[in-house]
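**Student:** Pasting a structure below so you can have a look.
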Amino acid sequence: MVTRLESAAATRRALIDAAAQLLDAGGPEAVTLREVGARAGVSRGAPYRHFAHKGSLITAVATESWERIADAFHTIRATPDAPPAQLRRALMTLIQVGRNQPHLYLMMYSTPTGDPDAAVRAASRAQEEFLAIVAAVVGPDEARRYGALLFTSAHGVAGTELSGHLTKEKWDTTAEDIVTTLVDLTAGRTG
């Protein structure tokens, strides 16, 4: 027999999954609590018992994405790959979210509403995993400085690619080439 707590958790999970699908399909404008509830197959009022408003639901979706990224970074760190190869994979992980889920990607970098603490914790965990990857390349004393440079560069690459302004025809390069250049420069840094 399913307990009330298990049922509530299953409903919350269904709502987050439905919101993620709507966000992927049409951006934040496509996410309404009514449509999320319909897609999740729950009563009209159920979404409101779990989320105060649309923003809190979208924050929950973005929070889960940060958690998946943190998990991916952790997995990358556990591979036997050389540190520069791990760093390249981590940067491409960020860019792939922008490519595969552009609306979610934009929401991940917006100010969270609802439960901002959960979003901040998830993003902070991703940051710490990323910094551990960077530290393996540049050392712990330089990890934050280079980490900030690399993370913001990946965000810039993803954003420029999303806007259609990073094309092979325009720049004679790709996101992958830029990431390789960033990693090569970082791994071969002087002073």
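Each chain of the structure tokens is named A, B, ... in the order shown, its residues numbered from 1; ligands are numbered from 1 in display order.
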Skip Glu161 of chain A itself and residues of its chain fewer than 2 positions away, then list as a PyMOL selection string all residues within 12 Å of it, counting only C-alpha atoms.

**Tutor:** chain A and resi 95-100+102+154-159+163-168+170-171+173-176+178

**Student:** Which neighbours of Ile133 of chain A fall inside 9 Å, counting only C-alpha atoms, when residues of the same chain fewer than 3 positions from it are skipped, and could you give them as a PyMOL selection string?

**Tutor:** chain A and resi 73-74+76-77+83-84+86-87+90+128-130+136-137+143+147

**Student:** Keeping only C-alpha atoms, write the selected residues as an mmCIF file, in the first residue's frame.

**Tutor:**
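The resulting file, out_1.cif, is reproduced below:
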data_model
loop_
_atom_site.group_PDB
_atom_site.id
_atom_site.type_symbol
_atom_site.label_atom_id
_atom_site.label_comp_id
_atom_site.auth_asym_id
_atom_site.auth_seq_id
_atom_site.Cartn_x
_atom_site.Cartn_y
_atom_site.Cartn_z
ATOM 1 C CA PHE A 73 31.043 16.310 -12.862
ATOM 2 C CA HIS A 74 31.520 13.818 -10.037
ATOM 3 C CA ILE A 76 33.924 12.752 -14.784
ATOM 4 C CA ARG A 77 36.287 13.173 -11.824
ATOM 5 C CA PRO A 83 42.846 16.080 -15.897
ATOM 6 C CA PRO A 84 42.739 18.228 -19.086
ATOM 7 C CA GLN A 86 38.212 15.695 -17.661
ATOM 8 C CA LEU A 87 38.084 19.483 -17.804
ATOM 9 C CA ALA A 90 33.050 19.088 -17.864
ATOM 10 C CA GLU A 128 32.575 22.477 -6.051
ATOM 11 C CA GLU A 129 32.729 19.421 -8.318
ATOM 12 C CA PHE A 130 33.820 21.638 -11.208
ATOM 13 C CA ALA A 136 43.530 18.825 -10.909
ATOM 14 C CA VAL A 137 44.754 20.918 -13.865
ATOM 15 C CA ALA A 143 41.287 26.670 -9.012
ATOM 16 C CA GLY A 147 37.409 27.978 -12.606
#

**Student:** Using only C-alpha atoms, which of A:Thr11, A:Ala60, A:Leu22, A:Arg121 sits nearest Val42 of chain A?

**Tutor:**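 Of A:Thr11, A:Ala60, A:Leu22, A:Arg121, the one nearest Val42 of chain A, counting only C-alpha atoms, is A:Thr11.
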
**Student:** I'd like to know which of A:Arg12, A:Ala123, A:Phe151, A:Gly139 is closest to Arg88 of chain A, using only C-alpha atoms.

**Tutor:** A:Phe151

**Student:** Could you pull out the alpha helix (DSSP H) residues of segment 3-119 of chain A, going by DSSP on the backbone, and write them as a short mmCIF file (atom, residue, chain, number, x, y, z; two decimals) with C-alpha atoms, in the first residue's frame?

**Tutor:**
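Okay, this is what ended up in out-v1.cif:
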data_model
loop_
_atom_site.label_atom_id
_atom_site.label_comp_id
_atom_site.auth_asym_id
_atom_site.auth_seq_id
_atom_site.Cartn_x
_atom_site.Cartn_y
_atom_site.Cartn_z
CA ARG A 4 0.40 9.47 1.76
CA LEU A 5 4.03 10.63 1.80
CA GLU A 6 4.94 8.31 -1.09
CA SER A 7 1.91 9.49 -3.03
CA ALA A 8 2.85 13.14 -2.47
CA ALA A 9 6.42 12.45 -3.58
CA ALA A 10 5.16 10.67 -6.72
CA THR A 11 2.85 13.60 -7.51
CA ARG A 12 5.68 16.11 -7.04
CA ARG A 13 7.91 14.00 -9.30
CA ALA A 14 5.21 13.85 -11.98
CA LEU A 15 4.70 17.62 -11.78
CA ILE A 16 8.41 18.36 -12.14
CA ASP A 17 8.70 15.94 -15.07
CA ALA A 18 5.70 17.51 -16.80
CA ALA A 19 7.05 21.01 -16.23
CA ALA A 20 10.43 20.00 -17.66
CA GLN A 21 8.73 18.65 -20.80
CA LEU A 22 6.70 21.81 -21.25
CA LEU A 23 9.75 23.99 -20.64
CA ASP A 24 11.73 22.05 -23.25
CA ALA A 25 8.89 22.26 -25.75
CA GLY A 26 7.97 25.92 -25.46
CA LEU A 33 0.34 25.03 -13.35
CA ARG A 34 -2.91 24.02 -15.02
CA GLU A 35 -1.13 22.43 -18.02
CA VAL A 36 1.48 20.82 -15.80
CA GLY A 37 -1.27 19.25 -13.71
CA ALA A 38 -3.11 18.03 -16.81
CA ARG A 39 0.08 16.47 -18.22
CA ALA A 40 0.89 14.89 -14.88
CA ALA A 46 -2.65 19.39 -6.96
CA PRO A 47 0.10 21.57 -8.46
CA TYR A 48 -0.80 24.39 -6.06
CA ARG A 49 -0.37 22.09 -3.06
CA HIS A 50 3.23 21.40 -4.12
CA LYS A 54 5.01 28.71 -11.68
CA GLY A 55 8.36 30.22 -10.74
CA SER A 56 8.83 27.84 -7.84
CA LEU A 57 8.08 24.89 -10.12
CA ILE A 58 10.57 26.08 -12.75
CA THR A 59 13.13 26.58 -9.98
CA ALA A 60 12.60 22.96 -8.95
CA VAL A 61 13.26 21.87 -12.55
CA ALA A 62 16.41 24.02 -12.73
CA THR A 63 17.56 22.72 -9.34
CA GLU A 64 17.34 19.15 -10.58
CA SER A 65 19.37 20.10 -13.63
CA TRP A 66 22.12 21.52 -11.42
CA GLU A 67 22.03 18.28 -9.41
CA ARG A 68 22.44 16.23 -12.62
CA ILE A 69 25.36 18.44 -13.68
CA ALA A 70 27.01 18.00 -10.26
CA ASP A 71 26.55 14.23 -10.60
CA ALA A 72 28.03 14.34 -14.11
CA PHE A 73 31.04 16.31 -12.86
CA HIS A 74 31.52 13.82 -10.04
CA THR A 75 31.42 10.95 -12.55
CA ILE A 76 33.92 12.75 -14.78
CA ARG A 77 36.29 13.17 -11.82
CA PRO A 83 42.85 16.08 -15.90
CA PRO A 84 42.74 18.23 -19.09
CA ALA A 85 40.46 15.66 -20.73
CA GLN A 86 38.21 15.69 -17.66
CA LEU A 87 38.08 19.48 -17.80
CA ARG A 88 37.13 19.41 -21.48
CA ARG A 89 34.32 16.94 -20.74
CA ALA A 90 33.05 19.09 -17.86
CA LEU A 91 32.93 22.22 -20.00
CA MET A 92 31.18 20.37 -22.81
CA THR A 93 28.65 19.04 -20.29
CA LEU A 94 27.61 22.63 -19.56
CA ILE A 95 27.43 23.53 -23.23
CA GLN A 96 25.41 20.39 -24.03
CA VAL A 97 22.68 21.46 -21.60
CA GLY A 98 22.41 24.72 -23.53
CA ARG A 99 22.23 22.82 -26.81
CA ASN A 100 19.80 20.13 -25.71
CA PRO A 102 17.99 25.81 -24.20
CA HIS A 103 15.00 27.04 -22.20
CA LEU A 104 16.08 25.09 -19.13
CA TYR A 105 19.62 26.37 -19.56
CA LEU A 106 18.41 29.96 -19.47
CA MET A 107 16.28 29.26 -16.38
CA MET A 108 19.28 27.70 -14.61
CA PRO A 116 16.12 29.46 -3.89
CA ASP A 117 18.13 27.74 -1.14
CA ALA A 118 17.76 24.34 -2.85
CA ALA A 119 18.79 25.84 -6.18
#

**Student:** Between atom CA of Asp177 of chain A and atom CA of Tyr109 of chain A, measure the distance and give it in Å to one decimal.

**Tutor:**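 Taking atom CA of Asp177 of chain A and atom CA of Tyr109 of chain A, their separation equals 23.8 Å.
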
**Student:** In terms of the shortest atom-to-atom distance over only C-alpha atoms, which of A:Asp172, A:Ala187, A:Tyr146, A:Ser110 is closest to Ala132 of chain A?

**Tutor:** A:Tyr146

**Student:** Hey, which of A:Val138, A:His53, A:Leu162, A:Leu131 ends up closest to Gly114 of chain A? Count only C-alpha atoms.

**Tutor:**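 With only C-alpha atoms as the atom set, the closest residue is A:His53.
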
**Student:** What gap, in Å, lies between atom CA of Ser153 of chain A and atom CA of Ala30 of chain A?

**Tutor:**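 Separation of atom CA of Ser153 of chain A and atom CA of Ala30 of chain A: 29.5 Å.
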